[in-house]
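**Q** Below is the file query.cif, which contains mmCIF, C-alpha atoms.
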data_query
loop_
_atom_site.group_PDB
_atom_site.id
_atom_site.type_symbol
_atom_site.label_atom_id
_atom_site.label_comp_id
_atom_site.auth_asym_id
_atom_site.auth_seq_id
_atom_site.Cartn_x
_atom_site.Cartn_y
_atom_site.Cartn_z
ATOM 1 C CA GLN R 240 0.000 0.000 0.000
ATOM 2 C CA VAL R 241 1.449 3.331 -1.051
ATOM 3 C CA GLN R 242 1.263 6.131 1.486
ATOM 4 C CA LEU R 243 2.064 9.723 0.614
ATOM 5 C CA VAL R 244 2.977 12.284 3.246
ATOM 6 C CA GLU R 245 2.717 16.012 2.576
ATOM 7 C CA SER R 246 4.483 18.717 4.535
ATOM 8 C CA GLY R 247 5.191 22.412 4.328
ATOM 9 C CA GLY R 248 1.763 23.948 4.740
ATOM 10 C CA GLY R 249 1.026 26.747 7.152
ATOM 11 C CA LEU R 250 -0.100 30.316 7.619
ATOM 12 C CA VAL R 251 1.479 33.042 5.516
ATOM 13 C CA GLN R 252 0.689 36.633 4.658
ATOM 14 C CA ALA R 253 -0.354 37.625 1.160
ATOM 15 C CA GLY R 254 2.692 37.991 -1.045
ATOM 16 C CA GLY R 255 4.610 35.385 0.894
ATOM 17 C CA SER R 256 5.917 31.983 -0.114
ATOM 18 C CA LEU R 257 5.603 28.377 0.954
ATOM 19 C CA ARG R 258 7.124 25.163 -0.308
ATOM 20 C CA LEU R 259 5.120 21.962 -0.123
ATOM 21 C CA SER R 260 6.690 18.521 -0.236
ATOM 22 C CA CYS R 261 5.183 15.098 -0.795
ATOM 23 C CA ALA R 262 7.124 11.926 -0.198
ATOM 24 C CA PRO R 263 6.074 8.276 -0.312
ATOM 25 C CA SER R 264 6.654 5.720 2.368
ATOM 26 C CA GLY R 265 8.709 2.863 1.039
ATOM 27 C CA THR R 266 10.031 2.327 -2.456
ATOM 28 C CA ILE R 267 7.718 2.688 -5.384
ATOM 29 C CA PHE R 268 8.172 2.230 -9.098
ATOM 30 C CA SER R 269 6.503 3.233 -12.331
ATOM 31 C CA ILE R 270 5.344 6.697 -11.345
ATOM 32 C CA ASN R 271 3.546 8.033 -14.364
ATOM 33 C CA ALA R 272 2.787 11.481 -12.999
ATOM 34 C CA MET R 273 2.820 13.566 -9.827
ATOM 35 C CA ARG R 274 0.190 16.182 -9.206
ATOM 36 C CA TRP R 275 -0.904 18.771 -6.684
ATOM 37 C CA TYR R 276 -4.588 19.459 -6.100
ATOM 38 C CA ARG R 277 -6.292 21.819 -3.722
ATOM 39 C CA GLN R 278 -9.725 22.114 -2.192
ATOM 40 C CA ALA R 279 -11.076 25.276 -0.656
ATOM 41 C CA PRO R 280 -14.087 25.235 1.676
ATOM 42 C CA GLY R 281 -17.310 24.769 -0.262
ATOM 43 C CA LYS R 282 -15.477 24.210 -3.545
ATOM 44 C CA GLN R 283 -14.543 21.213 -5.631
ATOM 45 C CA ARG R 284 -11.049 19.819 -5.595
ATOM 46 C CA GLU R 285 -9.055 21.309 -8.460
ATOM 47 C CA LEU R 286 -5.813 20.431 -10.193
ATOM 48 C CA VAL R 287 -3.096 22.968 -9.426
ATOM 49 C CA ALA R 288 -0.009 21.522 -11.116
ATOM 50 C CA ALA R 289 1.262 18.314 -12.646
ATOM 51 C CA ILE R 290 4.615 16.909 -13.673
ATOM 52 C CA ARG R 291 4.981 13.812 -15.805
ATOM 53 C CA ILE R 292 7.714 11.268 -16.300
ATOM 54 C CA GLY R 293 9.300 13.354 -19.019
ATOM 55 C CA GLN R 294 9.386 16.466 -16.801
ATOM 56 C CA ASP R 295 6.533 18.038 -18.745
ATOM 57 C CA THR R 296 4.541 20.335 -16.501
ATOM 58 C CA ASP R 297 1.056 21.804 -16.481
ATOM 59 C CA TYR R 298 -0.425 24.515 -14.315
ATOM 60 C CA ALA R 299 -3.838 25.881 -13.573
ATOM 61 C CA ASP R 300 -4.219 29.342 -15.079
ATOM 62 C CA SER R 301 -4.737 30.813 -11.632
ATOM 63 C CA VAL R 302 -1.225 29.825 -10.479
ATOM 64 C CA LYS R 303 0.850 30.197 -13.655
ATOM 65 C CA GLY R 304 3.903 32.328 -13.062
ATOM 66 C CA ARG R 305 3.584 31.996 -9.275
ATOM 67 C CA PHE R 306 3.803 28.263 -8.550
ATOM 68 C CA THR R 307 6.476 25.813 -9.680
ATOM 69 C CA ILE R 308 6.218 22.041 -9.500
ATOM 70 C CA SER R 309 9.375 19.950 -9.425
ATOM 71 C CA ARG R 310 10.413 16.421 -8.558
ATOM 72 C CA ASP R 311 13.369 14.567 -7.134
ATOM 73 C CA ASN R 312 13.445 11.266 -8.941
ATOM 74 C CA ALA R 313 15.936 9.712 -6.544
ATOM 75 C CA LYS R 314 13.591 10.339 -3.625
ATOM 76 C CA ASN R 315 10.309 10.007 -5.548
ATOM 77 C CA THR R 316 9.419 13.335 -3.985
ATOM 78 C CA VAL R 317 7.417 16.129 -5.537
ATOM 79 C CA TYR R 318 7.536 19.784 -4.506
ATOM 80 C CA LEU R 319 5.330 22.780 -5.037
ATOM 81 C CA GLN R 320 7.025 26.144 -4.650
ATOM 82 C CA MET R 321 4.341 28.764 -4.131
ATOM 83 C CA ASN R 322 5.290 32.420 -4.457
ATOM 84 C CA SER R 323 3.254 35.622 -4.413
ATOM 85 C CA LEU R 324 0.538 33.850 -2.478
ATOM 86 C CA LYS R 325 -2.942 35.312 -2.461
ATOM 87 C CA PRO R 326 -5.829 34.825 -0.015
ATOM 88 C CA GLU R 327 -7.652 32.886 -2.734
ATOM 89 C CA ASP R 328 -4.889 30.277 -2.612
ATOM 90 C CA THR R 329 -6.149 29.260 0.823
ATOM 91 C CA ALA R 330 -7.084 25.570 0.678
ATOM 92 C CA VAL R 331 -6.076 22.084 1.680
ATOM 93 C CA TYR R 332 -3.413 20.927 -0.755
ATOM 94 C CA TYR R 333 -3.176 17.276 -1.711
ATOM 95 C CA CYS R 334 -0.517 15.434 -3.632
ATOM 96 C CA ASN R 335 -1.506 12.684 -6.004
ATOM 97 C CA TYR R 336 0.726 10.099 -7.603
ATOM 98 C CA LEU R 337 -0.276 8.129 -10.671
ATOM 99 C CA ILE R 338 1.470 4.771 -10.243
ATOM 100 C CA SER R 339 0.927 2.075 -12.848
ATOM 101 C CA MET R 340 -2.125 4.094 -13.910
ATOM 102 C CA ARG R 341 -3.662 4.053 -10.421
ATOM 103 C CA GLY R 342 -4.021 7.212 -8.328
ATOM 104 C CA TYR R 343 -2.828 7.564 -4.739
ATOM 105 C CA TRP R 344 -3.568 10.528 -2.460
ATOM 106 C CA GLY R 345 -1.818 12.139 0.443
ATOM 107 C CA GLN R 346 -3.704 13.224 3.544
ATOM 108 C CA GLY R 347 -3.552 16.923 2.683
ATOM 109 C CA THR R 348 -1.818 19.943 4.174
ATOM 110 C CA GLN R 349 -3.526 23.232 5.028
ATOM 111 C CA VAL R 350 -2.337 26.436 3.392
ATOM 112 C CA THR R 351 -3.819 29.649 4.738
ATOM 113 C CA VAL R 352 -2.996 33.016 3.219
ATOM 114 C CA SER R 353 -4.009 36.062 5.217
ATOM 115 C CA SER R 354 -4.730 39.422 3.617
#
Give the structure from the file, written as structure tokens.
**A**
Amino acid sequence: QVQLVESGGGLVQAGGSLRLSCAPSGTIFSINAMRWYRQAPGKQRELVAAIRIGQDTDYADSVKGRFTISRDNAKNTVYLQMNSLKPEDTAVYYCNYLISMRGYWGQGTQVTVSS
């Protein structure tokens, strides 16, 4: 059973930065993609950023130019660098790994941006 553990969330003022990390427990293989989602209160979970096996990346329009997704292949860890944070970025952030075409979720980490 794959378990993913996120870290790095917290409270930050608007304009500040945070770096989220997501690491798996144990050794895993055949990661097809790593993604970050977020869910704000009363809203649906939305895709924030994704990075695939070939290092191709995608971003939601709302975070382009402010967020950067990256991965450490040796550690099977994915990061989300979030700069110029806005109050509307407040949400629980979840990592998601696509492994052998099956999705696995982390438990989520809270990001709160104060105005």
**Q** Please write as a ChimeraX atom specification the list of polymer residues whose atoms come within 12 Å of (2.8, 12.3, 3.7), counting all atoms listed in the file and keeping to the coordinates of the file.
**A** /R:241-248,259-265,316-317,332-336,343-348
**Q** Report, in Å to a single decimal, how far apart atom CA of R:Ile308 and atom CA of R:Tyr276 are.
**A**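 If I compute the distance from atom CA of R:Tyr276 to atom CA of R:Ile308, I get 11.6 Å.
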**Q** When you draw a straight line from atom CA of R:Ser323 to atom CA of R:Met273, how long is it in Å?
**A**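 We find that atom CA of R:Ser323 and atom CA of R:Met273 lie 22.7 Å from each other.
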**Q** So which residues are close to (-12.0, 23.8, 0.4), meaning at most 12 Å away in the file's coordinates with all atoms listed in the file counted, and can you show them as an MDAnalysis selection string?
**A** chainID R and resid 276:285 327:333 347:351
**Q** So that all listed atoms of stretch 299-312 of chain R fit with 6 Å spare on each side, what axis-aligned box centre and edge lengths in Å, to one decimal, would you give as lines of an AutoDock Vina configuration file?
**A**
center_x = 4.4
center_y = 21.8
center_z = -11.1
size_x = 30.2
size_y = 33.1
size_z = 19.9
